[in-house]
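Printed here is data-v3.cif (mmCIF, C-alpha atoms):
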data_start
loop_
_atom_site.group_PDB
_atom_site.id
_atom_site.type_symbol
_atom_site.label_atom_id
_atom_site.label_comp_id
_atom_site.auth_asym_id
_atom_site.auth_seq_id
_atom_site.Cartn_x
_atom_site.Cartn_y
_atom_site.Cartn_z
ATOM 1 C CA MET A 1 0.000 0.000 0.000
ATOM 2 C CA ALA A 2 1.391 3.394 -0.986
ATOM 3 C CA LYS A 3 1.961 5.926 1.722
ATOM 4 C CA ASP A 4 -0.382 8.946 1.676
ATOM 5 C CA THR A 5 1.146 12.025 0.148
ATOM 6 C CA PRO A 6 1.215 15.017 2.509
ATOM 7 C CA PRO A 7 -1.681 16.879 0.799
ATOM 8 C CA ARG A 8 -3.876 13.800 1.079
ATOM 9 C CA TRP A 9 -2.879 13.283 4.710
ATOM 10 C CA ASP A 10 -3.584 16.964 5.384
ATOM 11 C CA ARG A 11 -7.097 16.717 3.905
ATOM 12 C CA LYS A 12 -7.886 13.546 5.840
ATOM 13 C CA MET A 13 -6.583 15.080 9.058
ATOM 14 C CA GLN A 14 -8.689 18.192 8.571
ATOM 15 C CA GLN A 15 -11.780 16.066 7.961
ATOM 16 C CA ARG A 16 -11.104 14.003 11.084
ATOM 17 C CA LEU A 17 -10.633 17.150 13.171
ATOM 18 C CA ALA A 18 -13.848 18.625 11.759
ATOM 19 C CA ARG A 19 -15.682 15.462 12.858
ATOM 20 C CA GLY A 20 -14.288 15.982 16.367
ATOM 21 C CA GLU A 21 -12.067 12.893 16.486
ATOM 22 C CA ALA A 22 -9.954 13.242 19.600
ATOM 23 C CA ALA A 23 -7.546 10.628 18.199
ATOM 24 C CA ALA A 24 -6.881 12.950 15.243
ATOM 25 C CA LEU A 25 -5.837 15.736 17.588
ATOM 26 C CA GLY A 26 -3.533 13.305 19.389
ATOM 27 C CA GLU A 27 -1.973 12.226 16.109
ATOM 28 C CA LEU A 28 -1.564 15.824 14.988
ATOM 29 C CA TYR A 29 -0.010 16.722 18.340
ATOM 30 C CA ASP A 30 2.428 13.802 18.155
ATOM 31 C CA ARG A 31 3.467 14.866 14.681
ATOM 32 C CA PHE A 32 3.813 18.636 15.179
ATOM 33 C CA ALA A 33 4.143 19.410 18.907
ATOM 34 C CA SER A 34 7.932 19.646 18.787
ATOM 35 C CA LEU A 35 7.729 21.968 15.762
ATOM 36 C CA VAL A 36 5.271 24.258 17.569
ATOM 37 C CA HIS A 37 7.154 24.203 20.859
ATOM 38 C CA ASN A 38 10.565 24.776 19.256
ATOM 39 C CA THR A 39 9.225 27.636 17.153
ATOM 40 C CA ALA A 40 7.616 29.286 20.178
ATOM 41 C CA HIS A 41 10.702 28.738 22.315
ATOM 42 C CA ARG A 42 12.918 30.248 19.629
ATOM 43 C CA VAL A 43 10.786 33.411 19.599
ATOM 44 C CA LEU A 44 10.084 33.682 23.332
ATOM 45 C CA ASP A 45 13.182 32.106 24.904
ATOM 46 C CA ASP A 46 10.934 30.904 27.727
ATOM 47 C CA GLU A 47 10.005 27.261 28.307
ATOM 48 C CA SER A 48 6.692 27.873 30.095
ATOM 49 C CA ALA A 49 5.597 30.472 27.537
ATOM 50 C CA ALA A 50 6.448 28.026 24.740
ATOM 51 C CA ASP A 51 4.364 25.364 26.514
ATOM 52 C CA GLN A 52 1.450 27.805 26.694
ATOM 53 C CA VAL A 53 1.747 28.713 23.003
ATOM 54 C CA THR A 54 1.800 24.994 22.147
ATOM 55 C CA ARG A 55 -1.448 24.474 24.068
ATOM 56 C CA GLU A 56 -3.012 27.533 22.452
ATOM 57 C CA VAL A 57 -2.066 26.491 18.919
ATOM 58 C CA PHE A 58 -3.463 22.971 19.276
ATOM 59 C CA GLY A 59 -6.533 24.333 21.028
ATOM 60 C CA TYR A 60 -7.086 26.696 18.122
ATOM 61 C CA VAL A 61 -6.642 23.902 15.565
ATOM 62 C CA TRP A 62 -9.090 21.705 17.495
ATOM 63 C CA GLU A 63 -11.705 24.444 17.729
ATOM 64 C CA ASN A 64 -11.187 25.788 14.176
ATOM 65 C CA PRO A 65 -10.260 22.933 11.814
ATOM 66 C CA ASP A 66 -11.944 24.741 8.931
ATOM 67 C CA ALA A 67 -9.521 27.670 9.314
ATOM 68 C CA TYR A 68 -6.996 25.541 7.427
ATOM 69 C CA ASP A 69 -7.309 26.072 3.673
ATOM 70 C CA PRO A 70 -4.734 23.970 1.796
ATOM 71 C CA ARG A 71 -5.023 26.167 -1.309
ATOM 72 C CA ARG A 72 -4.090 29.263 0.698
ATOM 73 C CA GLU A 73 -1.907 27.814 3.450
ATOM 74 C CA GLY A 74 -0.099 25.002 1.667
ATOM 75 C CA ALA A 75 0.850 21.997 3.790
ATOM 76 C CA MET A 76 -0.703 21.617 7.224
ATOM 77 C CA ARG A 77 2.820 21.602 8.695
ATOM 78 C CA SER A 78 3.424 25.081 7.277
ATOM 79 C CA TRP A 79 0.071 26.328 8.533
ATOM 80 C CA ILE A 80 0.717 25.042 12.041
ATOM 81 C CA ALA A 81 4.217 26.565 12.040
ATOM 82 C CA LYS A 82 2.690 29.878 10.947
ATOM 83 C CA LEU A 83 0.146 29.692 13.769
ATOM 84 C CA ALA A 84 2.947 29.020 16.239
ATOM 85 C CA ARG A 85 5.038 31.943 14.977
ATOM 86 C CA SER A 86 2.066 34.286 14.981
ATOM 87 C CA GLN A 87 1.007 33.371 18.505
ATOM 88 C CA ALA A 88 4.562 33.489 19.837
ATOM 89 C CA VAL A 89 5.161 36.890 18.229
ATOM 90 C CA HIS A 90 1.897 38.149 19.700
ATOM 91 C CA ARG A 91 2.934 36.951 23.185
ATOM 92 C CA LEU A 92 6.408 38.447 22.792
ATOM 93 C CA ARG A 93 4.951 41.772 21.723
ATOM 94 C CA GLN A 94 2.612 41.778 24.739
ATOM 95 C CA ALA A 95 5.340 40.785 27.200
ATOM 96 C CA GLU A 96 7.845 43.297 25.872
ATOM 97 C CA ALA A 97 5.278 46.114 25.785
ATOM 98 C CA LYS A 98 4.426 45.364 29.420
ATOM 99 C CA ALA A 99 8.115 45.272 30.372
ATOM 100 C CA TYR A 100 8.795 48.570 28.574
ATOM 101 C CA ALA A 101 5.834 50.174 30.321
ATOM 102 C CA GLU A 102 6.980 48.945 33.740
ATOM 103 C CA ARG A 103 10.549 50.118 33.194
ATOM 104 C CA GLY A 104 9.395 53.385 31.732
ATOM 105 C CA GLY A 105 12.003 53.141 28.991
ATOM 106 C CA GLY A 106 12.397 51.872 25.506
ATOM 107 C CA SER A 107 10.565 52.772 22.398
ATOM 108 C CA ALA A 108 8.025 51.122 20.184
ATOM 109 C CA GLU A 109 10.717 50.887 17.520
ATOM 110 C CA GLU A 110 13.016 48.909 19.852
ATOM 111 C CA LEU A 111 10.128 46.599 20.676
ATOM 112 C CA GLU A 112 9.334 45.976 17.015
ATOM 113 C CA GLN A 113 13.005 45.330 16.203
ATOM 114 C CA LYS A 114 13.201 42.705 18.946
ATOM 115 C CA VAL A 115 9.981 41.076 17.792
ATOM 116 C CA ARG A 116 11.139 41.072 14.159
ATOM 117 C CA ARG A 117 14.505 39.494 15.041
ATOM 118 C CA ALA A 118 12.802 36.736 17.016
ATOM 119 C CA ALA A 119 10.243 36.044 14.282
ATOM 120 C CA VAL A 120 12.851 35.995 11.506
ATOM 121 C CA SER A 121 15.024 33.657 13.557
ATOM 122 C CA ALA A 122 12.139 31.246 14.111
ATOM 123 C CA ARG A 123 11.228 31.352 10.423
ATOM 124 C CA ALA A 124 14.844 30.686 9.414
ATOM 125 C CA ASP A 125 14.949 27.651 11.715
ATOM 126 C CA PHE A 126 11.743 26.326 10.167
ATOM 127 C CA ILE A 127 13.096 26.849 6.641
ATOM 128 C CA VAL A 128 16.315 24.991 7.411
ATOM 129 C CA GLN A 129 14.438 22.118 9.075
ATOM 130 C CA SER A 130 12.034 21.886 6.136
ATOM 131 C CA MET A 131 14.466 22.096 3.246
ATOM 132 C CA PRO A 132 15.478 18.928 1.411
ATOM 133 C CA ALA A 133 18.358 17.032 3.041
ATOM 134 C CA PRO A 134 20.849 17.636 0.172
ATOM 135 C CA LEU A 135 20.436 21.407 0.468
ATOM 136 C CA ARG A 136 20.616 21.325 4.260
ATOM 137 C CA ALA A 137 23.767 19.142 4.167
ATOM 138 C CA ALA A 138 25.497 21.559 1.780
ATOM 139 C CA LEU A 139 24.607 24.572 3.935
ATOM 140 C CA GLU A 140 25.725 22.841 7.119
ATOM 141 C CA LEU A 141 29.101 21.994 5.574
ATOM 142 C CA ALA A 142 29.571 25.535 4.294
ATOM 143 C CA TYR A 143 28.368 27.298 7.426
ATOM 144 C CA PHE A 144 29.296 25.115 10.390
ATOM 145 C CA GLN A 145 32.413 23.494 8.963
ATOM 146 C CA ARG A 146 33.430 26.521 6.883
ATOM 147 C CA ARG A 147 33.808 24.546 3.656
ATOM 148 C CA ASP A 148 33.899 26.339 0.315
ATOM 149 C CA TYR A 149 31.923 24.935 -2.615
ATOM 150 C CA ARG A 150 34.849 22.787 -3.807
ATOM 151 C CA GLN A 151 35.304 21.186 -0.388
ATOM 152 C CA THR A 152 31.532 20.812 -0.043
ATOM 153 C CA ALA A 153 31.412 19.034 -3.412
ATOM 154 C CA ALA A 154 34.169 16.651 -2.341
ATOM 155 C CA ASP A 155 32.550 15.951 1.028
ATOM 156 C CA LEU A 156 29.153 15.291 -0.549
ATOM 157 C CA GLY A 157 30.519 13.373 -3.538
ATOM 158 C CA VAL A 158 28.905 15.679 -6.089
ATOM 159 C CA THR A 159 30.245 17.932 -8.831
ATOM 160 C CA GLU A 160 31.338 21.455 -8.028
ATOM 161 C CA ASP A 161 28.484 22.795 -10.144
ATOM 162 C CA GLU A 162 26.001 20.720 -8.133
ATOM 163 C CA ALA A 163 27.499 21.926 -4.844
ATOM 164 C CA ARG A 164 27.219 25.551 -5.997
ATOM 165 C CA ARG A 165 23.629 24.946 -7.092
ATOM 166 C CA ARG A 166 22.701 23.414 -3.713
ATOM 167 C CA LEU A 167 24.371 26.206 -1.780
ATOM 168 C CA ARG A 168 22.770 28.902 -3.921
ATOM 169 C CA LEU A 169 19.294 27.372 -3.663
ATOM 170 C CA GLY A 170 19.642 26.768 0.079
ATOM 171 C CA LEU A 171 20.727 30.358 0.643
ATOM 172 C CA GLN A 172 17.897 31.654 -1.535
ATOM 173 C CA LEU A 173 15.397 29.703 0.554
ATOM 174 C CA LEU A 174 16.980 30.940 3.757
ATOM 175 C CA ALA A 175 16.904 34.531 2.522
ATOM 176 C CA THR A 176 13.107 34.381 2.411
ATOM 177 C CA ALA A 177 13.073 34.286 6.221
ATOM 178 C CA ASN A 178 13.551 38.042 6.254
ATOM 179 C CA SER A 179 11.467 38.891 3.200
ATOM 180 C CA ARG A 180 8.008 38.017 4.489
ATOM 181 C CA PRO A 181 6.027 40.662 6.324
ATOM 182 C CA LEU A 182 5.844 40.207 10.062
ATOM 183 C CA ASP A 183 2.492 38.756 11.013
ATOM 184 C CA GLY A 184 1.916 39.294 14.705
ATOM 185 C CA ARG A 185 -1.802 38.642 14.873
ATOM 186 C CA ALA A 186 -3.009 36.495 17.709
ATOM 187 C CA LEU A 187 -5.012 33.327 17.105
#

For the structure just supplied, provide its representation as structure tokens.
Amino acid sequence: MAKDTPPRWDRKMQQRLARGEAAALGELYDRFASLVHNTAHRVLDDESAADQVTREVFGYVWENPDAYDPRREGAMRSWIAKLARSQAVHRLRQAEAKAYAERGGGSAEELEQKVRRAAVSARADFIVQSMPAPLRAALELAYFQRRDYRQTAADLGVTEDEARRRLRLGLQLLATANSRPLDGRAL
């Protein structure tokens, strides 16, 4: 039996959630909880706040399964990651605004810069985790092990042209982390 393709799995999962199947929520949680928690933790740098965002995201998905539109959102994984980023950014904005008000210092611009950095960082992590393994391997060699494209090609056993192509495409994907508008709406 062939394994379901992600779009088919996404549609079936949405239908199961819409029918109120608690087992579907459990399956969805098992599959994406670490993604949601890691994304929230990356933005908030706070374990308990990341736990709360994780609960809020899965609560929202459970209560609003029809909010997912595969034509608009793409894969369910991407939609859930977007929900996590949005909720974490919203919480960060609230927490930082409260902290600025209590301290009596700081500006709205400083707050927005901090929020943007955290959101871009979380998006970059998601992009790297989601990119195909050959692209990720090339970037990891170039970035963490400081290999140039020739050394990367040798390490991966590919041509220099292929190594350059993988590095270029990986960097282009990663560059999109900063090109999307910041979406800080709450769920």

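Taken over the whole file, the PyMOL selection byres ((chain A and resi 66) around 9) covers exactly Gln14, Gln15, Leu17, Ala18, Val61, Glu63, Asn64, Pro65, Ala67, Tyr68 and Asp69 of chain A.
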
If the PyMOL selection byres ((chain A and resi 156) around 12) were run on this exact file, what residues would it hold? Put them as a CSV table (one decimal) with C-alpha atoms, in the frame of the given file.
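Output (expr15.csv):
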chain,number,residue,atom,x,y,z
A,133,ALA,CA,18.4,17.0,3.0
A,134,PRO,CA,20.8,17.6,0.2
A,135,LEU,CA,20.4,21.4,0.5
A,136,ARG,CA,20.6,21.3,4.3
A,137,ALA,CA,23.8,19.1,4.2
A,138,ALA,CA,25.5,21.6,1.8
A,139,LEU,CA,24.6,24.6,3.9
A,140,GLU,CA,25.7,22.8,7.1
A,141,LEU,CA,29.1,22.0,5.6
A,142,ALA,CA,29.6,25.5,4.3
A,147,ARG,CA,33.8,24.5,3.7
A,149,TYR,CA,31.9,24.9,-2.6
A,150,ARG,CA,34.8,22.8,-3.8
A,151,GLN,CA,35.3,21.2,-0.4
A,152,THR,CA,31.5,20.8,0.0
A,153,ALA,CA,31.4,19.0,-3.4
A,154,ALA,CA,34.2,16.7,-2.3
A,155,ASP,CA,32.6,16.0,1.0
A,157,GLY,CA,30.5,13.4,-3.5
A,158,VAL,CA,28.9,15.7,-6.1
A,159,THR,CA,30.2,17.9,-8.8
A,160,GLU,CA,31.3,21.5,-8.0
A,162,GLU,CA,26.0,20.7,-8.1
A,163,ALA,CA,27.5,21.9,-4.8
A,164,ARG,CA,27.2,25.6,-6.0
A,166,ARG,CA,22.7,23.4,-3.7
A,167,LEU,CA,24.4,26.2,-1.8

Which of A:Gln94, A:Gln172, A:Gln129, A:Asn178 sits closest to Asn38 (chain A) [using all atoms listed in the file]: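 Among the listed residues, A:Gln129 lies closest to Asn38 (chain A).
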
Minimum-distance residue to Asp51 (chain A), chosen among A:Thr176, A:Ser121, A:Gln87, A:Ser78 (using all atoms listed in the file):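 Going through A:Thr176, A:Ser121, A:Gln87, A:Ser78 one by one, the smallest distance to Asp51 (chain A) is for A:Gln87.
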
Nearest to Ala33 (chain A) by atom-to-atom distance, counting all atoms listed in the file, from A:Arg146, A:Ala81, A:Pro7, A:Glu47: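 Distance minimum relative to Ala33 (chain A) lands on A:Ala81.
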
Residues in the PyMOL selection byres ((chain A and resi 97) around 12), expressed as a list in words: Val89, His90, Arg91, Leu92, Arg93, Gln94, Ala95, Glu96, Lys98, Ala99, Tyr100, Ala101, Glu102, Arg103, Gly104, Gly105, Gly106, Ser107, Ala108, Glu109, Glu110, Leu111, Glu112, Lys114 and Val115 of chain A

Selection: 10 Å around region 122-127 of chain A, all atoms listed in the file, excl. self and same-chain fewer than 6 positions, as a ChimeraX atom specification: /A:35,38-44,78,81-82,84-85,88-89,116,136,170,173-178,180

Next, dump the selected residues to file, keeping only C-alpha atoms, as an mmCIF file, in the coordinates of the input.
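As written to disk, result-v1.cif reads:
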data_model
loop_
_atom_site.group_PDB
_atom_site.id
_atom_site.type_symbol
_atom_site.label_atom_id
_atom_site.label_comp_id
_atom_site.auth_asym_id
_atom_site.auth_seq_id
_atom_site.Cartn_x
_atom_site.Cartn_y
_atom_site.Cartn_z
ATOM 1 C CA LEU A 35 7.729 21.968 15.762
ATOM 2 C CA ASN A 38 10.565 24.776 19.256
ATOM 3 C CA THR A 39 9.225 27.636 17.153
ATOM 4 C CA ALA A 40 7.616 29.286 20.178
ATOM 5 C CA HIS A 41 10.702 28.738 22.315
ATOM 6 C CA ARG A 42 12.918 30.248 19.629
ATOM 7 C CA VAL A 43 10.786 33.411 19.599
ATOM 8 C CA LEU A 44 10.084 33.682 23.332
ATOM 9 C CA SER A 78 3.424 25.081 7.277
ATOM 10 C CA ALA A 81 4.217 26.565 12.040
ATOM 11 C CA LYS A 82 2.690 29.878 10.947
ATOM 12 C CA ALA A 84 2.947 29.020 16.239
ATOM 13 C CA ARG A 85 5.038 31.943 14.977
ATOM 14 C CA ALA A 88 4.562 33.489 19.837
ATOM 15 C CA VAL A 89 5.161 36.890 18.229
ATOM 16 C CA ARG A 116 11.139 41.072 14.159
ATOM 17 C CA ARG A 136 20.616 21.325 4.260
ATOM 18 C CA GLY A 170 19.642 26.768 0.079
ATOM 19 C CA LEU A 173 15.397 29.703 0.554
ATOM 20 C CA LEU A 174 16.980 30.940 3.757
ATOM 21 C CA ALA A 175 16.904 34.531 2.522
ATOM 22 C CA THR A 176 13.107 34.381 2.411
ATOM 23 C CA ALA A 177 13.073 34.286 6.221
ATOM 24 C CA ASN A 178 13.551 38.042 6.254
ATOM 25 C CA ARG A 180 8.008 38.017 4.489
#

Pick from A:Arg117, A:Arg8, A:His37, A:Arg77, whichever lies nearest to Glu56 (chain A) using all atoms listed in the file: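 Between A:Arg117, A:Arg8, A:His37, A:Arg77, the residue approaching Glu56 (chain A) most closely is A:His37.
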
Coordinates-based distance that separates CA of Glu73 (chain A) from CA of Ala118 (chain A) (Å, one decimal):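 Pair CA of Ala118 (chain A) / CA of Glu73 (chain A) returns 21.9 Å.
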
Nearest residue to Trp62 (chain A) from the set A:Trp79, A:Ala22, A:Pro132, A:Leu169 (distances using only C-alpha atoms): A:Ala22

Å distance separating CA of Asp46 (chain A) from CA of Tyr29 (chain A), one decimal place: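 Answer for the CA of Asp46 (chain A) to CA of Tyr29 (chain A) separation: 20.2 Å.
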
Length of the CA of Asp10 (chain A) to CA of Ser86 (chain A) vector [Å]: 20.6 Å

Report, as lines of an AutoDock Vina configuration file, the centre and edge lengths in Å (one decimal) of the axis-aligned box enclosing every listed atom of region 43-60 of chain A, padded by 8 Å on each side.
center_x = 3.0
center_y = 28.3
center_z = 24.1
size_x = 36.3
size_y = 26.7
size_z = 28.0

Regenerate region 37-73 of chain A at the level of N, CA and C atoms and dump it as an mmCIF file, in the coordinates of the input.
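Dumped to rebuild-v8.cif:
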data_model
loop_
_atom_site.group_PDB
_atom_site.id
_atom_site.type_symbol
_atom_site.label_atom_id
_atom_site.label_comp_id
_atom_site.auth_asym_id
_atom_site.auth_seq_id
_atom_site.Cartn_x
_atom_site.Cartn_y
_atom_site.Cartn_z
ATOM 1 N N HIS A 37 6.439 23.828 19.637
ATOM 2 C CA HIS A 37 7.154 24.203 20.859
ATOM 3 C C HIS A 37 8.504 24.834 20.528
ATOM 4 N N ASN A 38 9.252 24.233 19.623
ATOM 5 C CA ASN A 38 10.565 24.776 19.256
ATOM 6 C C ASN A 38 10.449 26.153 18.622
ATOM 7 N N THR A 39 9.449 26.332 17.778
ATOM 8 C CA THR A 39 9.225 27.636 17.153
ATOM 9 C C THR A 39 8.907 28.682 18.218
ATOM 10 N N ALA A 40 7.995 28.347 19.115
ATOM 11 C CA ALA A 40 7.616 29.286 20.178
ATOM 12 C C ALA A 40 8.799 29.571 21.102
ATOM 13 N N HIS A 41 9.549 28.550 21.426
ATOM 14 C CA HIS A 41 10.702 28.738 22.315
ATOM 15 C C HIS A 41 11.751 29.605 21.652
ATOM 16 N N ARG A 42 11.936 29.444 20.359
ATOM 17 C CA ARG A 42 12.918 30.248 19.629
ATOM 18 C C ARG A 42 12.538 31.735 19.678
ATOM 19 N N VAL A 43 11.253 32.024 19.569
ATOM 20 C CA VAL A 43 10.786 33.411 19.599
ATOM 21 C C VAL A 43 10.807 33.965 21.016
ATOM 22 N N LEU A 44 10.314 33.176 21.976
ATOM 23 C CA LEU A 44 10.084 33.682 23.332
ATOM 24 C C LEU A 44 11.243 33.455 24.302
ATOM 25 N N ASP A 45 12.069 32.469 24.016
ATOM 26 C CA ASP A 45 13.182 32.106 24.904
ATOM 27 C C ASP A 45 12.684 31.861 26.328
ATOM 28 N N ASP A 46 11.555 31.176 26.437
ATOM 29 C CA ASP A 46 10.934 30.904 27.727
ATOM 30 C C ASP A 46 10.169 29.583 27.611
ATOM 31 N N GLU A 47 10.586 28.606 28.383
ATOM 32 C CA GLU A 47 10.005 27.261 28.307
ATOM 33 C C GLU A 47 8.511 27.260 28.626
ATOM 34 N N SER A 48 8.105 27.902 29.716
ATOM 35 C CA SER A 48 6.692 27.873 30.095
ATOM 36 C C SER A 48 5.835 28.645 29.090
ATOM 37 N N ALA A 49 6.353 29.735 28.557
ATOM 38 C CA ALA A 49 5.597 30.472 27.537
ATOM 39 C C ALA A 49 5.473 29.636 26.265
ATOM 40 N N ALA A 50 6.512 28.901 25.918
ATOM 41 C CA ALA A 50 6.448 28.026 24.740
ATOM 42 C C ALA A 50 5.432 26.909 24.966
ATOM 43 N N ASP A 51 5.381 26.367 26.184
ATOM 44 C CA ASP A 51 4.364 25.364 26.514
ATOM 45 C C ASP A 51 2.963 25.938 26.334
ATOM 46 N N GLN A 52 2.760 27.166 26.807
ATOM 47 C CA GLN A 52 1.450 27.805 26.694
ATOM 48 C C GLN A 52 1.076 28.041 25.229
ATOM 49 N N VAL A 53 2.019 28.501 24.429
ATOM 50 C CA VAL A 53 1.747 28.713 23.003
ATOM 51 C C VAL A 53 1.399 27.383 22.341
ATOM 52 N N THR A 54 2.089 26.318 22.715
ATOM 53 C CA THR A 54 1.800 24.994 22.147
ATOM 54 C C THR A 54 0.361 24.599 22.460
ATOM 55 N N ARG A 55 -0.055 24.786 23.703
ATOM 56 C CA ARG A 55 -1.448 24.474 24.068
ATOM 57 C C ARG A 55 -2.429 25.345 23.286
ATOM 58 N N GLU A 56 -2.117 26.615 23.162
ATOM 59 C CA GLU A 56 -3.012 27.533 22.452
ATOM 60 C C GLU A 56 -3.138 27.172 20.972
ATOM 61 N N VAL A 57 -2.029 26.829 20.350
ATOM 62 C CA VAL A 57 -2.066 26.491 18.919
ATOM 63 C C VAL A 57 -2.908 25.245 18.693
ATOM 64 N N PHE A 58 -2.682 24.191 19.479
ATOM 65 C CA PHE A 58 -3.463 22.971 19.276
ATOM 66 C C PHE A 58 -4.910 23.154 19.698
ATOM 67 N N GLY A 59 -5.153 23.993 20.680
ATOM 68 C CA GLY A 59 -6.533 24.333 21.028
ATOM 69 C C GLY A 59 -7.231 25.042 19.882
ATOM 70 N N TYR A 60 -6.522 25.972 19.260
ATOM 71 C CA TYR A 60 -7.086 26.696 18.122
ATOM 72 C C TYR A 60 -7.387 25.740 16.962
ATOM 73 N N VAL A 61 -6.448 24.860 16.663
ATOM 74 C CA VAL A 61 -6.642 23.902 15.565
ATOM 75 C C VAL A 61 -7.847 23.009 15.863
ATOM 76 N N TRP A 62 -7.978 22.566 17.105
ATOM 77 C CA TRP A 62 -9.090 21.705 17.495
ATOM 78 C C TRP A 62 -10.427 22.433 17.350
ATOM 79 N N GLU A 63 -10.460 23.681 17.765
ATOM 80 C CA GLU A 63 -11.705 24.444 17.729
ATOM 81 C C GLU A 63 -12.013 25.020 16.347
ATOM 82 N N ASN A 64 -11.009 25.149 15.487
ATOM 83 C CA ASN A 64 -11.187 25.788 14.176
ATOM 84 C C ASN A 64 -10.545 24.984 13.043
ATOM 85 N N PRO A 65 -10.911 23.714 12.868
ATOM 86 C CA PRO A 65 -10.260 22.933 11.814
ATOM 87 C C PRO A 65 -10.530 23.485 10.410
ATOM 88 N N ASP A 66 -11.631 24.180 10.246
ATOM 89 C CA ASP A 66 -11.944 24.741 8.931
ATOM 90 C C ASP A 66 -11.143 25.995 8.614
ATOM 91 N N ALA A 67 -10.381 26.508 9.576
ATOM 92 C CA ALA A 67 -9.521 27.670 9.314
ATOM 93 C C ALA A 67 -8.374 27.293 8.387
ATOM 94 N N TYR A 68 -8.062 26.010 8.314
ATOM 95 C CA TYR A 68 -6.996 25.541 7.427
ATOM 96 C C TYR A 68 -7.547 25.404 6.013
ATOM 97 N N ASP A 69 -6.955 26.143 5.094
ATOM 98 C CA ASP A 69 -7.309 26.072 3.673
ATOM 99 C C ASP A 69 -6.047 25.674 2.912
ATOM 100 N N PRO A 70 -5.964 24.425 2.451
ATOM 101 C CA PRO A 70 -4.734 23.970 1.796
ATOM 102 C C PRO A 70 -4.364 24.787 0.554
ATOM 103 N N ARG A 71 -5.341 25.352 -0.117
ATOM 104 C CA ARG A 71 -5.023 26.167 -1.309
ATOM 105 C C ARG A 71 -4.327 27.463 -0.912
ATOM 106 N N ARG A 72 -4.676 28.010 0.246
ATOM 107 C CA ARG A 72 -4.090 29.263 0.698
ATOM 108 C C ARG A 72 -2.868 29.030 1.591
ATOM 109 N N GLU A 73 -2.932 28.034 2.436
ATOM 110 C CA GLU A 73 -1.907 27.814 3.450
ATOM 111 C C GLU A 73 -0.804 26.857 3.025
#
